[in-house]
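The file work.pdb contains PDB, C-alpha atoms and all ligand atoms:
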ATOM      1  CA  MET T   1      41.072  -2.345   5.867
ATOM      2  CA  ASN T   2      41.113  -5.751   7.505
ATOM      3  CA  PHE T   3      38.105  -7.526   8.937
ATOM      4  CA  LYS T   4      38.960  -6.730  12.547
ATOM      5  CA  ALA T   5      39.256  -3.009  11.934
ATOM      6  CA  THR T   6      35.993  -2.927   9.953
ATOM      7  CA  PHE T   7      34.210  -4.823  12.705
ATOM      8  CA  PHE T   8      35.567  -2.434  15.345
ATOM      9  CA  LEU T   9      34.490   0.609  13.313
ATOM     10  CA  LEU T  10      31.011  -0.793  12.840
ATOM     11  CA  ILE T  11      30.630  -1.394  16.583
ATOM     12  CA  LEU T  12      31.828   2.153  17.254
ATOM     13  CA  LEU T  13      29.371   3.575  14.724
ATOM     14  CA  PHE T  14      26.428   1.670  16.235
ATOM     15  CA  THR T  15      27.379   2.824  19.721
ATOM     16  CA  LEU T  16      27.491   6.452  18.573
ATOM     17  CA  ILE T  17      24.149   6.201  16.785
ATOM     18  CA  SER T  18      22.431   4.559  19.740
ATOM     19  CA  CYS T  19      23.890   7.124  22.199
ATOM     20  CA  ASP T  20      22.639   9.922  19.983
ATOM     21  CA  SER T  21      19.112   8.591  19.619
ATOM     22  CA  LYS T  22      18.960   7.870  23.344
ATOM     23  CA  GLY T  23      19.965  11.490  24.018
ATOM     24  CA  GLN T  24      17.267  12.811  21.711
ATOM     25  CA  ASN T  25      14.593  10.568  23.182
ATOM     26  CA  GLN T  26      15.494  11.624  26.671
ATOM     27  CA  SER T  27      15.266  15.286  25.678
ATOM     28  CA  GLU T  28      11.853  14.787  24.067
ATOM     29  CA  THR T  29      10.568  12.885  27.067
ATOM     30  CA  THR T  30      11.779  15.544  29.455
ATOM     31  CA  GLN T  31      10.214  18.334  27.388
ATOM     32  CA  GLN T  32       6.988  16.333  27.219
ATOM     33  CA  ALA T  33       7.115  15.693  30.967
ATOM     34  CA  HIS T  34       7.511  19.437  31.603
ATOM     35  CA  GLU T  35       4.557  20.195  29.283
ATOM     36  CA  ASN T  36       2.478  17.601  31.143
ATOM     37  CA  TYR T  37       3.442  19.122  34.475
ATOM     38  CA  LEU T  38       2.319  22.591  33.296
ATOM     39  CA  ASN T  39      -0.881  21.250  31.716
ATOM     40  CA  ASN T  40      -1.850  19.535  34.967
ATOM     41  CA  LEU T  41      -1.674  22.679  37.096
ATOM     42  CA  THR T  42      -5.089  23.783  38.347
ATOM     43  CA  TYR T  43      -6.247  27.324  39.104
ATOM     44  CA  GLU T  44      -7.194  26.433  42.661
ATOM     45  CA  GLU T  45      -3.809  24.934  43.439
ATOM     46  CA  VAL T  46      -1.911  27.777  41.825
ATOM     47  CA  MET T  47      -3.957  30.444  43.645
ATOM     48  CA  SER T  48      -3.593  28.763  47.031
ATOM     49  CA  ASN T  49       0.153  28.306  46.460
ATOM     50  CA  GLU T  50      -0.337  24.585  46.739
ATOM     51  CA  SER T  51       0.782  23.655  43.256
ATOM     52  CA  LYS T  52       4.007  21.728  43.023
ATOM     53  CA  LEU T  53       6.727  23.935  41.607
ATOM     54  CA  SER T  54       9.231  22.646  39.112
ATOM     55  CA  LYS T  55      12.960  22.747  39.869
ATOM     56  CA  ALA T  56      14.222  26.355  39.891
ATOM     57  CA  GLU T  57      17.936  25.730  39.598
ATOM     58  CA  ARG T  58      19.073  23.872  36.522
ATOM     59  CA  SER T  59      22.129  23.748  34.321
ATOM     60  CA  GLU T  60      21.736  25.350  30.893
ATOM     61  CA  GLU T  61      21.786  21.815  29.485
ATOM     62  CA  GLU T  62      18.797  20.874  31.666
ATOM     63  CA  TRP T  63      16.874  24.009  30.643
ATOM     64  CA  LYS T  64      17.513  23.102  27.014
ATOM     65  CA  ASN T  65      16.030  19.667  27.673
ATOM     66  CA  ILE T  66      12.766  20.850  29.221
ATOM     67  CA  LEU T  67      12.106  23.963  27.088
ATOM     68  CA  SER T  68      11.494  24.340  23.362
ATOM     69  CA  SER T  69      14.248  26.164  21.470
ATOM     70  CA  GLU T  70      12.087  29.327  21.270
ATOM     71  CA  GLU T  71      11.317  29.202  24.996
ATOM     72  CA  PHE T  72      14.997  28.626  25.792
ATOM     73  CA  ARG T  73      16.015  31.581  23.605
ATOM     74  CA  ILE T  74      13.590  33.885  25.443
ATOM     75  CA  LEU T  75      13.692  32.617  29.024
ATOM     76  CA  ARG T  76      17.374  31.779  29.314
ATOM     77  CA  ASN T  77      18.978  34.051  26.709
ATOM     78  CA  LYS T  78      16.837  37.180  27.160
ATOM     79  CA  GLY T  79      15.245  36.851  23.745
ATOM     80  CA  THR T  80      12.123  38.650  22.538
ATOM     81  CA  GLU T  81       9.338  37.098  20.505
ATOM     82  CA  LEU T  82       7.525  38.779  17.630
ATOM     83  CA  PRO T  83       4.760  41.239  18.584
ATOM     84  CA  PHE T  84       1.048  40.548  17.860
ATOM     85  CA  VAL T  85       1.496  36.986  16.570
ATOM     86  CA  ASN T  86       2.356  35.559  20.000
ATOM     87  CA  LYS T  87       0.012  33.344  22.050
ATOM     88  CA  TYR T  88      -1.355  35.616  24.796
ATOM     89  CA  ASN T  89      -1.357  39.111  23.247
ATOM     90  CA  SER T  90      -5.120  39.055  22.596
ATOM     91  CA  HIS T  91      -5.987  36.481  25.240
ATOM     92  CA  TYR T  92      -8.478  37.658  27.891
ATOM     93  CA  GLU T  93      -9.798  34.566  29.684
ATOM     94  CA  ASP T  94     -10.021  34.470  33.483
ATOM     95  CA  GLY T  95      -7.090  32.722  35.054
ATOM     96  CA  VAL T  96      -3.523  32.933  36.176
ATOM     97  CA  TYR T  97      -0.240  33.045  34.272
ATOM     98  CA  VAL T  98       2.653  31.023  35.696
ATOM     99  CA  CYS T  99       6.336  30.915  34.783
ATOM    100  CA  LYS T 100       6.856  28.562  31.867
ATOM    101  CA  ALA T 101      10.209  27.500  33.277
ATOM    102  CA  CYS T 102       9.418  26.796  36.954
ATOM    103  CA  GLY T 103       5.626  27.081  37.457
ATOM    104  CA  GLN T 104       5.672  30.005  39.910
ATOM    105  CA  PRO T 105       2.483  32.151  39.680
ATOM    106  CA  LEU T 106       3.374  35.515  38.081
ATOM    107  CA  PHE T 107       0.320  37.452  36.836
ATOM    108  CA  HIS T 108      -3.466  37.297  37.209
ATOM    109  CA  SER T 109      -5.818  37.964  34.301
ATOM    110  CA  GLU T 110      -7.459  40.738  36.391
ATOM    111  CA  THR T 111      -4.387  42.928  35.851
ATOM    112  CA  LYS T 112      -4.081  42.203  32.117
ATOM    113  CA  TYR T 113      -4.941  45.015  29.729
ATOM    114  CA  ASN T 114      -4.546  45.912  26.071
ATOM    115  CA  SER T 115      -1.413  48.042  25.797
ATOM    116  CA  ARG T 116      -1.470  47.829  21.970
ATOM    117  CA  SER T 117       2.221  46.973  22.152
ATOM    118  CA  GLY T 118       1.698  43.526  20.627
ATOM    119  CA  TRP T 119       2.750  41.674  23.787
ATOM    120  CA  PRO T 120       0.680  40.535  26.779
ATOM    121  CA  SER T 121       0.734  43.400  29.278
ATOM    122  CA  PHE T 122      -0.138  43.576  32.966
ATOM    123  CA  TYR T 123      -0.157  46.520  35.370
ATOM    124  CA  ALA T 124       1.035  44.448  38.355
ATOM    125  CA  PRO T 125       2.456  41.045  39.246
ATOM    126  CA  ILE T 126       0.268  38.654  41.264
ATOM    127  CA  GLU T 127       2.485  39.212  44.331
ATOM    128  CA  GLU T 128       5.047  41.926  44.763
ATOM    129  CA  ASP T 129       7.856  39.385  45.149
ATOM    130  CA  ALA T 130       6.827  37.151  42.215
ATOM    131  CA  VAL T 131       9.115  39.042  39.842
ATOM    132  CA  ASP T 132      12.422  40.875  40.185
ATOM    133  CA  ASP T 133      13.771  43.868  38.306
ATOM    134  CA  ARG T 134      17.156  43.966  36.646
ATOM    135  CA  GLU T 135      18.813  46.831  34.809
ATOM    136  CA  ASP T 136      19.159  46.166  31.087
ATOM    137  CA  ASN T 137      21.374  48.387  28.958
ATOM    138  CA  SER T 138      21.435  46.177  25.870
ATOM    139  CA  PHE T 139      20.745  47.509  22.356
ATOM    140  CA  PHE T 140      21.759  51.062  23.410
ATOM    141  CA  MET T 141      18.609  51.380  25.526
ATOM    142  CA  ASN T 142      18.101  51.836  29.219
ATOM    143  CA  ARG T 143      15.351  49.436  30.206
ATOM    144  CA  THR T 144      14.278  47.449  33.240
ATOM    145  CA  GLU T 145      14.194  43.726  32.694
ATOM    146  CA  THR T 146      11.595  41.602  34.509
ATOM    147  CA  ILE T 147      12.702  38.152  35.655
ATOM    148  CA  CYS T 148      10.974  35.351  37.575
ATOM    149  CA  SER T 149      12.093  35.834  41.191
ATOM    150  CA  ARG T 150      12.336  32.083  41.677
ATOM    151  CA  CYS T 151      14.186  30.653  38.662
ATOM    152  CA  LYS T 152      15.638  33.973  37.389
ATOM    153  CA  SER T 153      14.339  33.376  33.867
ATOM    154  CA  HIS T 154      13.827  36.384  31.609
ATOM    155  CA  LEU T 155      10.139  37.294  31.166
ATOM    156  CA  GLY T 156      10.145  40.720  29.495
ATOM    157  CA  HIS T 157      10.505  44.372  30.537
ATOM    158  CA  VAL T 158       8.633  46.795  32.771
ATOM    159  CA  PHE T 159       7.881  50.394  31.732
ATOM    160  CA  ASP T 160       6.329  53.333  33.575
ATOM    161  CA  ASP T 161       3.624  54.120  30.990
ATOM    162  CA  GLY T 162       1.000  51.705  32.335
ATOM    163  CA  PRO T 163      -2.535  52.401  33.603
ATOM    164  CA  GLU T 164      -3.680  53.121  37.157
ATOM    165  CA  PRO T 165      -3.397  52.010  39.924
ATOM    166  CA  THR T 166       0.334  51.324  39.455
ATOM    167  CA  GLY T 167       1.221  53.263  36.306
ATOM    168  CA  LEU T 168       3.369  50.280  35.298
ATOM    169  CA  ARG T 169       3.346  48.161  32.144
ATOM    170  CA  TYR T 170       4.771  44.685  32.497
ATOM    171  CA  CYS T 171       5.421  43.840  28.864
ATOM    172  CA  MET T 172       5.843  40.060  28.762
ATOM    173  CA  ASN T 173       6.767  37.386  26.254
ATOM    174  CA  SER T 174       3.944  34.872  25.773
ATOM    175  CA  ALA T 175       6.528  32.100  25.433
ATOM    176  CA  ALA T 176       7.726  32.815  28.986
ATOM    177  CA  LEU T 177       4.226  32.230  30.404
ATOM    178  CA  LYS T 178       1.775  29.384  30.795
ATOM    179  CA  PHE T 179      -1.904  30.264  31.266
ATOM    180  CA  VAL T 180      -3.924  28.257  33.813
ATOM    181  CA  PRO T 181      -7.666  28.897  33.220
ATOM    182  CA  LYS T 182      -9.986  29.598  36.152
ATOM    183  CA  ASP T 183     -12.345  26.816  35.147
ATOM    184  CA  SER T 184      -9.501  24.261  35.219
ATOM    185  CA  SER T 185     -10.457  23.513  38.844
ATOM    186  CA  ASP T 186     -13.980  22.382  37.865
ATOM    187  CA  GLU T 187     -12.706  19.450  35.841
TER     188      GLU T 187
HETATM  189 FE    FE A   1      10.366  30.751  37.083
END
Kindly return the structure encoded in the file as structure tokens.
Amino acid sequence: MNFKATFFLLILLFTLISCDSKGQNQSETTQQAHENYLNNLTYEEVMSNESKLSKAERSEEEWKNILSSEEFRILRNKGTELPFVNKYNSHYEDGVYVCKACGQPLFHSETKYNSRSGWPSFYAPIEEDAVDDREDNSFFMNRTETICSRCKSHLGHVFDDGPEPTGLRYCMNSAALKFVPKDSSDE
């Protein structure tokens, strides 16, 4: 290989490496920015519908950039996390749960109960139109999928074996939710 060709190859290699690291940095920054956005939400803002919502329509590439791989698998590819060892299964603080993908308020802690299923369960969404139902016939089962009405991300499933007053059990993935504590407004 002559000098010119080697030089050209080296330049090409450096360009590829720098493009790659730039891409990774950007993805980390975006994921961090999304985490920061969620961490800065306050209970008061969320409950008065004054919190800024994150973009609801994104390409799959964009979702990949702002969500962790586990969150992406669940929210965008209808995945399910492991029971019992997830974040909010045994979590009973006062506050509100928002969509991890777009920030829309979904469930209030007042409707959370212990279903013993291993996943955080609620008997009603915070507003009737906060979530949408979708028929799910995967895995040879006939279930009703629950999605965020705003960004259409998968949250979990709804069953009709819940407690009064609705008789419904919204069985959610912790990774699809972000909890905003009630005392976050005092800070
Ligand atoms: Fe959403």
- Message: Which residues are near ligand FE 1 (chain A) - at most 10 Å, using all atoms listed in the file? Format: as a list in words.
- Response: Leu53, Ser54, Lys55, Ala56, Glu57, Leu75, Val98, Cys99, Lys100, Ala101, Cys102, Gly103, Gln104, Pro105, Leu106, Ala130, Val131, Ile147, Cys148, Ser149, Arg150, Cys151, Lys152, Ser153, His154, Leu155, Ala176 and Leu177 of chain T
Pick from T:Trp119, T:Ser59, T:Glu70, T:Ser48 nearest to T:His91, counting only C-alpha atoms: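 Between T:Trp119, T:Ser59, T:Glu70, T:Ser48, the residue approaching T:His91 most closely is T:Trp119.
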* Asked: If you apply the PyMOL selection byres (((chain T and resi 169) around 6) and not hetatm) to this file, what residues do you get, as a VMD selection string?
  -> chain T and resid 122 to 123 158 to 159 162 168 170 to 171
Atom pair atom CA of T:Lys78 + atom CA of T:Glu93, distance 26.9 Å
Could you write out as an mmCIF file with C-alpha atoms, in the coordinates of the input the residues that the PyMOL selection byres (((chain T and resi 31-42) around 12) and not hetatm) matches in the shown file?
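So the final result, stored in selection.cif, reads:
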data_model
loop_
_atom_site.group_PDB
_atom_site.id
_atom_site.type_symbol
_atom_site.label_atom_id
_atom_site.label_comp_id
_atom_site.auth_asym_id
_atom_site.auth_seq_id
_atom_site.Cartn_x
_atom_site.Cartn_y
_atom_site.Cartn_z
ATOM 1 C CA GLN T 24 17.267 12.811 21.711
ATOM 2 C CA ASN T 25 14.593 10.568 23.182
ATOM 3 C CA GLN T 26 15.494 11.624 26.671
ATOM 4 C CA SER T 27 15.266 15.286 25.678
ATOM 5 C CA GLU T 28 11.853 14.787 24.067
ATOM 6 C CA THR T 29 10.568 12.885 27.067
ATOM 7 C CA THR T 30 11.779 15.544 29.455
ATOM 8 C CA TYR T 43 -6.247 27.324 39.104
ATOM 9 C CA GLU T 44 -7.194 26.433 42.661
ATOM 10 C CA GLU T 45 -3.809 24.934 43.439
ATOM 11 C CA VAL T 46 -1.911 27.777 41.825
ATOM 12 C CA MET T 47 -3.957 30.444 43.645
ATOM 13 C CA SER T 48 -3.593 28.763 47.031
ATOM 14 C CA ASN T 49 0.153 28.306 46.460
ATOM 15 C CA GLU T 50 -0.337 24.585 46.739
ATOM 16 C CA SER T 51 0.782 23.655 43.256
ATOM 17 C CA LYS T 52 4.007 21.728 43.023
ATOM 18 C CA LEU T 53 6.727 23.935 41.607
ATOM 19 C CA SER T 54 9.231 22.646 39.112
ATOM 20 C CA LYS T 55 12.960 22.747 39.869
ATOM 21 C CA GLU T 62 18.797 20.874 31.666
ATOM 22 C CA TRP T 63 16.874 24.009 30.643
ATOM 23 C CA LYS T 64 17.513 23.102 27.014
ATOM 24 C CA ASN T 65 16.030 19.667 27.673
ATOM 25 C CA ILE T 66 12.766 20.850 29.221
ATOM 26 C CA LEU T 67 12.106 23.963 27.088
ATOM 27 C CA SER T 68 11.494 24.340 23.362
ATOM 28 C CA SER T 69 14.248 26.164 21.470
ATOM 29 C CA GLU T 71 11.317 29.202 24.996
ATOM 30 C CA PHE T 72 14.997 28.626 25.792
ATOM 31 C CA GLY T 95 -7.090 32.722 35.054
ATOM 32 C CA VAL T 96 -3.523 32.933 36.176
ATOM 33 C CA TYR T 97 -0.240 33.045 34.272
ATOM 34 C CA VAL T 98 2.653 31.023 35.696
ATOM 35 C CA CYS T 99 6.336 30.915 34.783
ATOM 36 C CA LYS T 100 6.856 28.562 31.867
ATOM 37 C CA ALA T 101 10.209 27.500 33.277
ATOM 38 C CA CYS T 102 9.418 26.796 36.954
ATOM 39 C CA GLY T 103 5.626 27.081 37.457
ATOM 40 C CA GLN T 104 5.672 30.005 39.910
ATOM 41 C CA PRO T 105 2.483 32.151 39.680
ATOM 42 C CA LEU T 177 4.226 32.230 30.404
ATOM 43 C CA LYS T 178 1.775 29.384 30.795
ATOM 44 C CA PHE T 179 -1.904 30.264 31.266
ATOM 45 C CA VAL T 180 -3.924 28.257 33.813
ATOM 46 C CA PRO T 181 -7.666 28.897 33.220
ATOM 47 C CA LYS T 182 -9.986 29.598 36.152
ATOM 48 C CA ASP T 183 -12.345 26.816 35.147
ATOM 49 C CA SER T 184 -9.501 24.261 35.219
ATOM 50 C CA SER T 185 -10.457 23.513 38.844
ATOM 51 C CA ASP T 186 -13.980 22.382 37.865
ATOM 52 C CA GLU T 187 -12.706 19.450 35.841
#
Practice task
For stretch 139-141 of chain T, work out the shell of residues within 12 Å, counting all atoms listed in the file and skipping chain neighbours fewer than 4 positions away, then give it as a PyMOL selection string.
Solution key: chain T and resi 135+145+157
Computed gap from atom CA of T:Ala175 to atom CA of T:Glu128 is 21.7 Å
Check your understanding: If you measure from atom CA of T:Ile74 to atom CA of T:Pro165, what distance in Å do you get, rounded to one decimal?
Key ->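 Straight-line distance from atom CA of T:Ile74 to atom CA of T:Pro165 works out to 28.8 Å.
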With distances taken over only C-alpha atoms, which residue among T:Lys4, T:His108, T:Lys87, T:Arg73 lies nearest T:Glu127?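 Smallest distance to T:Glu127 is found for T:His108.
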